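Have a look at start23.cif; it's mmCIF, C-alpha atoms:
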```cif
data_my_file
loop_
_atom_site.label_atom_id
_atom_site.label_comp_id
_atom_site.auth_asym_id
_atom_site.auth_seq_id
_atom_site.Cartn_x
_atom_site.Cartn_y
_atom_site.Cartn_z
CA MET H 1 -4.70 108.64 157.03
CA LEU H 2 -5.71 104.99 156.65
CA LEU H 3 -8.54 103.70 158.80
CA GLY H 4 -9.65 100.11 159.27
CA HIS H 5 -13.15 98.79 159.64
CA ALA H 6 -14.00 95.18 160.41
CA ALA H 7 -17.32 93.79 159.24
CA MET H 8 -17.64 90.97 161.73
CA ALA H 9 -20.48 88.48 162.14
CA GLN H 10 -21.78 90.20 165.27
CA GLU H 11 -22.19 93.54 163.47
CA PHE H 12 -25.89 93.80 162.72
CA VAL H 13 -28.94 95.99 163.15
CA ALA H 14 -32.20 94.41 164.29
CA SER H 15 -35.53 95.24 162.70
CA ASP H 16 -38.96 93.69 162.14
CA GLY H 17 -40.82 92.82 158.98
CA ALA H 18 -40.32 94.05 155.44
CA LEU H 19 -38.34 97.28 155.18
CA SER H 20 -38.68 99.99 152.57
CA ASP H 21 -35.86 100.17 150.05
CA ASP H 22 -34.60 103.34 151.74
CA ASP H 23 -34.51 101.75 155.19
CA PHE H 24 -32.93 98.52 153.93
CA TYR H 25 -30.21 100.36 152.03
CA ARG H 26 -29.30 102.65 154.91
CA LEU H 27 -29.24 99.71 157.35
CA VAL H 28 -26.76 97.65 155.31
CA ALA H 29 -24.74 100.64 154.05
CA CYS H 30 -24.33 102.69 157.23
CA ALA H 31 -25.92 100.69 160.08
CA ALA H 32 -28.91 103.02 160.37
CA PRO H 33 -31.92 101.57 162.18
CA PRO H 34 -35.19 102.07 160.29
CA GLY H 35 -35.94 105.78 160.38
CA GLY H 36 -32.72 106.48 162.31
CA ASP H 37 -29.29 107.94 161.76
CA CYS H 38 -26.18 106.25 160.36
CA ALA H 39 -23.91 104.59 162.91
CA LYS H 40 -21.08 104.02 160.39
CA PRO H 41 -19.68 106.02 157.49
CA MET H 42 -20.65 105.20 153.93
CA VAL H 43 -17.62 103.59 152.28
CA ARG H 44 -17.10 102.75 148.61
CA TRP H 45 -14.45 101.72 146.13
CA THR H 46 -13.75 104.42 143.56
CA GLN H 47 -11.53 102.61 141.02
CA ASP H 48 -12.69 102.74 137.41
CA ARG H 49 -11.25 99.32 136.65
CA PRO H 50 -12.77 96.00 137.78
CA LEU H 51 -11.80 94.99 141.31
CA ARG H 52 -9.58 91.92 141.47
CA VAL H 53 -10.68 89.11 143.81
CA GLY H 54 -8.72 85.95 144.50
CA ILE H 55 -7.87 83.25 147.01
CA VAL H 56 -4.35 83.97 148.24
CA ARG H 57 -4.13 81.47 151.09
CA MET H 58 -5.49 77.93 151.28
CA ASP H 59 -4.33 76.10 154.41
CA ARG H 60 -4.03 72.33 154.34
CA ALA H 61 -7.19 71.93 156.41
CA PHE H 62 -9.15 73.01 153.33
CA LEU H 63 -7.43 70.90 150.68
CA GLY H 64 -9.76 68.60 148.78
CA GLY H 65 -13.51 69.16 148.76
CA LYS H 66 -13.46 72.38 150.77
CA ALA H 67 -10.96 74.04 148.43
CA LYS H 68 -12.95 73.07 145.35
CA ARG H 69 -16.17 74.27 146.95
CA ALA H 70 -14.58 77.59 147.96
CA ARG H 71 -13.22 78.26 144.47
CA ALA H 72 -16.55 77.41 142.87
CA ALA H 73 -18.36 79.61 145.40
CA LEU H 74 -16.05 82.50 144.54
CA VAL H 75 -16.75 82.21 140.81
CA ARG H 76 -20.51 82.09 141.40
CA ALA H 77 -20.41 85.02 143.83
CA VAL H 78 -18.51 87.17 141.34
CA GLN H 79 -20.99 86.23 138.61
CA GLN H 80 -23.90 87.29 140.81
CA VAL H 81 -22.38 90.61 141.79
CA ASN H 82 -21.64 91.40 138.16
CA ALA H 83 -25.14 90.31 137.10
CA ALA H 84 -26.60 92.89 139.50
CA GLU H 85 -25.51 95.50 136.93
CA ALA H 86 -24.34 97.98 139.53
CA GLY H 87 -21.53 100.42 138.85
CA VAL H 88 -18.86 98.02 140.12
CA ARG H 89 -17.33 94.94 138.51
CA LEU H 90 -15.32 92.05 139.93
CA ILE H 91 -12.87 89.67 138.26
CA VAL H 92 -11.29 86.53 139.70
CA VAL H 93 -7.48 86.51 139.60
CA ASP H 94 -4.67 84.33 140.87
CA ALA H 95 -2.77 85.16 144.04
CA GLN H 96 0.26 86.41 142.11
CA ASP H 97 -1.91 89.07 140.48
CA VAL H 98 -2.28 90.80 143.89
CA PRO H 99 -6.05 90.95 144.38
CA ASP H 100 -7.70 94.09 145.68
CA ILE H 101 -9.81 91.75 147.81
CA PRO H 102 -7.67 88.77 148.89
CA ILE H 103 -9.46 85.76 150.36
CA LEU H 104 -7.70 83.73 153.05
CA MET H 105 -8.81 80.22 154.04
CA VAL H 106 -7.24 80.00 157.50
CA ASP H 107 -6.74 76.86 159.60
CA ALA H 108 -8.13 78.44 162.75
CA GLU H 109 -11.33 78.18 164.70
CA ALA H 110 -13.80 81.05 164.81
CA GLY H 111 -12.75 83.32 167.66
CA ALA H 112 -9.03 82.54 167.34
CA MET H 113 -6.46 85.33 167.16
CA LEU H 114 -4.97 85.81 163.72
CA ALA H 115 -1.20 85.61 163.27
CA GLY H 116 1.15 85.29 160.30
CA THR H 117 -1.44 86.25 157.71
CA GLY H 118 0.91 88.42 155.68
CA VAL H 119 -1.86 91.03 155.35
CA ASP H 120 -1.26 94.36 157.08
CA GLY H 121 -3.83 95.01 159.80
CA LEU H 122 -5.09 91.44 160.21
CA ASP H 123 -2.67 89.93 162.73
CA GLY H 124 -3.88 90.32 166.29
CA GLN H 125 -7.55 90.41 165.31
CA ARG H 126 -10.02 87.59 165.89
CA ILE H 127 -11.40 85.59 163.01
CA GLY H 128 -15.11 84.87 162.65
CA GLY H 129 -16.65 81.89 160.89
CA ALA H 130 -16.38 84.06 157.79
CA SER H 131 -15.55 87.75 158.08
CA THR H 132 -14.44 90.80 156.17
CA ARG H 133 -12.09 93.68 156.88
CA VAL H 134 -12.27 96.93 154.91
CA TRP H 135 -9.69 99.72 155.09
CA TYR H 136 -10.78 103.17 153.97
CA ARG H 137 -9.88 106.86 154.00
CA PRO H 138 -11.71 109.40 156.18
CA ASP H 139 -13.67 110.47 153.09
CA GLY H 140 -15.05 106.93 152.73
CA GLU H 141 -12.88 105.79 149.82
CA VAL H 142 -12.08 102.09 150.24
CA LEU H 143 -8.42 101.30 149.69
CA ARG H 144 -8.38 97.56 150.28
CA ALA H 145 -10.31 94.72 151.85
CA ALA H 146 -9.76 91.12 152.91
CA VAL H 147 -12.12 88.17 153.35
CA LEU H 148 -11.36 85.35 155.79
CA PHE H 149 -12.83 81.88 156.16
CA SER H 150 -12.12 79.82 159.28
CA ARG H 151 -12.11 76.03 159.40
CA THR H 152 -15.16 76.26 161.69
CA LEU H 153 -17.45 77.38 158.88
CA SER H 154 -19.49 74.51 157.48
CA ILE H 155 -18.82 73.67 153.84
CA ARG H 156 -22.59 73.89 153.32
CA SER H 157 -22.36 77.63 154.04
CA TYR H 158 -19.59 78.43 151.56
CA GLU H 159 -21.83 79.69 148.73
CA SER H 160 -23.86 82.00 150.95
CA ALA H 161 -20.87 83.17 153.00
CA MET H 162 -18.70 83.92 149.96
CA LEU H 163 -21.42 86.02 148.38
CA GLU H 164 -22.17 87.83 151.65
CA GLU H 165 -18.54 88.62 152.38
CA LEU H 166 -17.89 89.96 148.89
CA VAL H 167 -20.94 92.22 149.16
CA GLN H 168 -19.64 93.44 152.50
CA ALA H 169 -16.18 93.98 151.02
CA LEU H 170 -17.86 96.35 148.57
CA GLY H 171 -18.97 98.53 151.48
CA LEU H 172 -22.35 97.13 152.54
CA LEU H 173 -20.87 96.36 155.92
CA THR H 174 -23.83 95.63 158.16
CA ASP H 175 -25.96 92.51 158.50
CA ILE H 176 -29.69 92.64 159.16
CA ARG H 177 -31.25 90.68 162.03
CA ASN H 178 -34.83 90.21 160.95
CA PRO H 179 -36.64 86.89 160.36
CA PHE H 180 -38.30 88.33 157.27
CA TYR H 181 -34.89 88.47 155.57
CA ASP H 182 -33.63 85.03 156.60
CA THR H 183 -34.80 83.71 153.22
CA ARG H 184 -34.66 87.00 151.29
CA SER H 185 -31.22 88.55 151.81
CA VAL H 186 -27.66 87.29 151.69
CA LEU H 187 -26.96 89.86 154.44
CA SER H 188 -29.17 88.09 156.98
CA GLN H 189 -27.39 87.85 160.33
CA ASP H 190 -28.99 84.59 161.41
CA SER H 191 -29.18 82.55 158.23
CA ASN H 192 -26.88 81.15 155.55
CA ALA H 193 -29.84 79.82 153.57
CA VAL H 194 -29.69 82.46 150.83
CA LYS H 195 -27.25 81.67 148.03
CA ARG H 196 -28.39 84.29 145.54
CA LEU H 197 -28.72 88.04 145.85
CA GLY H 198 -32.20 89.03 146.93
CA ALA H 199 -34.15 91.83 145.25
CA GLN H 200 -33.19 94.36 147.94
CA ASP H 201 -29.57 93.17 147.95
CA ILE H 202 -29.42 94.05 144.26
CA MET H 203 -31.15 97.36 144.90
CA ALA H 204 -28.61 98.19 147.62
CA LEU H 205 -25.64 97.40 145.36
CA ARG H 206 -27.10 99.59 142.61
CA ARG H 207 -27.66 102.49 145.00
CA HIS H 208 -24.18 102.16 146.45
CA TYR H 209 -22.63 101.97 142.99
CA PRO H 210 -24.92 103.76 140.54
CA GLU H 211 -24.05 103.23 136.89
CA GLY H 212 -22.37 106.17 135.25
#
```
Kindly present the structure from the file in structure tokens form.
Amino acid sequence: MLLGHAAMAQEFVASDGALSDDDFYRLVACAAPPGGDCAKPMVRWTQDRPLRVGIVRMDRAFLGGKAKRARAALVRAVQQVNAAEAGVRLIVVDAQDVPDIPILMVDAEAGAMLAGTGVDGLDGQRIGGASTRVWYRPDGEVLRAAVLFSRTLSIRSYESAMLEELVQALGLLTDIRNPFYDTRSVLSQDSNAVKRLGAQDIMALRRHYPEG
């Protein structure tokens, strides 16, 4: 059976102050409040090979500076994820190489209903500013994912949003609403100020994908 999970911008858990590594990991990995139980399943990719990531759709509204910024943001995001030295690797590929994680730059406003995407399970859902969908088996094995950017998202947010959405596409599906993390985590719900993985972001990736 194939299930679908959507990591949308409104999906977050609120907390206060600095969290322990255990609490931070469980919050972003399974939506557990500090000291509480998981509200989502833990989901992970299990492929031994590097996961392929690529932009498969670039609507005309993005041509020019936005397209260049998006492609550069993708390369930097992949570099950062790989530099975290977790047990998962990403590579950037062209659309014809059929990415495991396709990225769609859609000429639609945040909140609009998706149609004609060509990706099973996306049409009929609403797009966020930037959002991620992950499809997984009941045992938590991720089968595929998709990242979407709307035309509403400011070009200034591309670097942060691309990194955040790729991290979420790897299974860390929940944002954190906590002012302490607005400048410390790419998974902050209320800020796009962070353009590099924070120390606890890296920790969470390593726990989710331990080496070996």
Would you translate the PyMOL selection byres ((chain H and resi 168) around 10) into the concrete set of residues it matches in this file, as a JSON list (two decimals) with C-alpha atoms, keeping the file's coordinate frame?
```json
[["chain", "number", "residue", "atom", "x", "y", "z"],
["H", 6, "ALA", "CA", -14.00, 95.18, 160.41],
["H", 7, "ALA", "CA", -17.32, 93.79, 159.24],
["H", 8, "MET", "CA", -17.64, 90.97, 161.73],
["H", 28, "VAL", "CA", -26.76, 97.65, 155.31],
["H", 29, "ALA", "CA", -24.74, 100.64, 154.05],
["H", 131, "SER", "CA", -15.55, 87.75, 158.08],
["H", 132, "THR", "CA", -14.44, 90.80, 156.17],
["H", 133, "ARG", "CA", -12.09, 93.68, 156.88],
["H", 134, "VAL", "CA", -12.27, 96.93, 154.91],
["H", 145, "ALA", "CA", -10.31, 94.72, 151.85],
["H", 147, "VAL", "CA", -12.12, 88.17, 153.35],
["H", 162, "MET", "CA", -18.70, 83.92, 149.96],
["H", 163, "LEU", "CA", -21.42, 86.02, 148.38],
["H", 164, "GLU", "CA", -22.17, 87.83, 151.65],
["H", 165, "GLU", "CA", -18.54, 88.62, 152.38],
["H", 166, "LEU", "CA", -17.89, 89.96, 148.89],
["H", 167, "VAL", "CA", -20.94, 92.22, 149.16],
["H", 169, "ALA", "CA", -16.18, 93.98, 151.02],
["H", 170, "LEU", "CA", -17.86, 96.35, 148.57],
["H", 171, "GLY", "CA", -18.97, 98.53, 151.48],
["H", 172, "LEU", "CA", -22.35, 97.13, 152.54],
["H", 173, "LEU", "CA", -20.87, 96.36, 155.92],
["H", 174, "THR", "CA", -23.83, 95.63, 158.16],
["H", 175, "ASP", "CA", -25.96, 92.51, 158.50],
["H", 187, "LEU", "CA", -26.96, 89.86, 154.44]]
```
When the PyMOL selection byres ((chain H and resi 93) around 6) is applied to the structure above, which residues does it catch, written out as a PDB file with C-alpha atoms, in the coordinates of the input?
```
ATOM      1  CA  VAL H  53     -10.680  89.110 143.810  1.00  0.00           C
ATOM      2  CA  GLY H  54      -8.720  85.950 144.500  1.00  0.00           C
ATOM      3  CA  VAL H  92     -11.290  86.530 139.700  1.00  0.00           C
ATOM      4  CA  ASP H  94      -4.670  84.330 140.870  1.00  0.00           C
TER       5      ASP H  94
END
```
Sel. within 8 Å of pt (-26.5, 87.6, 162.0), counting only C-alpha atoms, output as a VMD selection string: chain H and resid 9 to 12 175 to 177 187 to 191
Residues as selected, C-alpha atoms, written as a JSON list (two decimals), keeping the file's coordinate frame, can you do that?
```json
[["chain", "number", "residue", "atom", "x", "y", "z"],
["H", 9, "ALA", "CA", -20.48, 88.48, 162.14],
["H", 10, "GLN", "CA", -21.78, 90.20, 165.27],
["H", 11, "GLU", "CA", -22.19, 93.54, 163.47],
["H", 12, "PHE", "CA", -25.89, 93.80, 162.72],
["H", 175, "ASP", "CA", -25.96, 92.51, 158.50],
["H", 176, "ILE", "CA", -29.69, 92.64, 159.16],
["H", 177, "ARG", "CA", -31.25, 90.68, 162.03],
["H", 187, "LEU", "CA", -26.96, 89.86, 154.44],
["H", 188, "SER", "CA", -29.17, 88.09, 156.98],
["H", 189, "GLN", "CA", -27.39, 87.85, 160.33],
["H", 190, "ASP", "CA", -28.99, 84.59, 161.41],
["H", 191, "SER", "CA", -29.18, 82.55, 158.23]]
```
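For the atom pair formed by CA of Gly198 (chain H) and CA of Tyr25 (chain H), the distance is 12.6 Å, given to one decimal.
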Ground truth for the PyMOL selection byres ((chain H and resi 108) around 12), written as a list in words: Met58, Asp59, Arg60, Ala61, Phe62, Leu104, Met105, Val106, Asp107, Glu109, Ala110, Gly111, Ala112, Met113, Leu114, Ala115, Gly116, Thr117, Arg126, Ile127, Gly128, Gly129, Ala130, Leu148, Phe149, Ser150, Arg151, Thr152 and Leu153 of chain H
Closest of H:Thr46, H:Thr183, H:Ile91, H:Val13 to Ala77 (chain H) - atom-to-atom distances counting only C-alpha atoms: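 Comparing H:Thr46, H:Thr183, H:Ile91, H:Val13 against Ala77 (chain H), the winner is H:Ile91.
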Interatomic distance, CA of Arg184 (chain H) to CA of Leu197 (chain H) (Å, one decimal):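 CA of Arg184 (chain H) sits 8.1 Å away from CA of Leu197 (chain H).
The coordinates place CA of Met203 (chain H) at 17.7 Å from CA of Gly17 (chain H).
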Region 192-196 of chain H surroundings by all atoms listed in the file, 8 Å radius, close-in-sequence under 6 positions cut, as an MDAnalysis selection string: chainID H and resid 80 157 159:161 163 182:186
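Minimum distance to Leu122 (chain H) across H:Val78, H:Ala72, H:Ala146, H:Leu27 (counting only C-alpha atoms) occurs at H:Ala146.
The shortest atom-to-atom distance to Glu141 (chain H), with all atoms listed in the file taken into account, belongs to H:Met42 out of H:His208, H:Arg89, H:Arg156, H:Met42.
With only C-alpha atoms as the basis for measurement, H:Val56 is the residue among H:Leu74, H:Arg26, H:Val56, H:Gly65 that approaches Gly118 (chain H) most closely.
Compared by their closest atoms to Leu19 (chain H), and using only C-alpha atoms, the residues H:Glu211, H:Tyr158, H:Asn178, H:Ala70 rank with H:Asn178 nearest.
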Residue among H:Asp139, H:Asp100, H:Asp22, H:Asp201 lying closest to Val81 (chain H), counting only C-alpha atoms: H:Asp201
Once 3 Å is added on each side, what centre and edge lengths in Å to one decimal does the axis-aligned box around all listed atoms of region 96-112 of chain H have, as lines of an AutoDock Vina configuration file?
```
center_x = -6.8
center_y = 85.5
center_z = 154.1
size_x = 20.1
size_y = 23.2
size_z = 33.2
```
Distance query Lys40 (chain H) at most 8 Å, all atoms listed in the file, self and fewer than 3 positions along chain excluded, as JSON, numbers by chain: {"H": [30, 31, 32]}
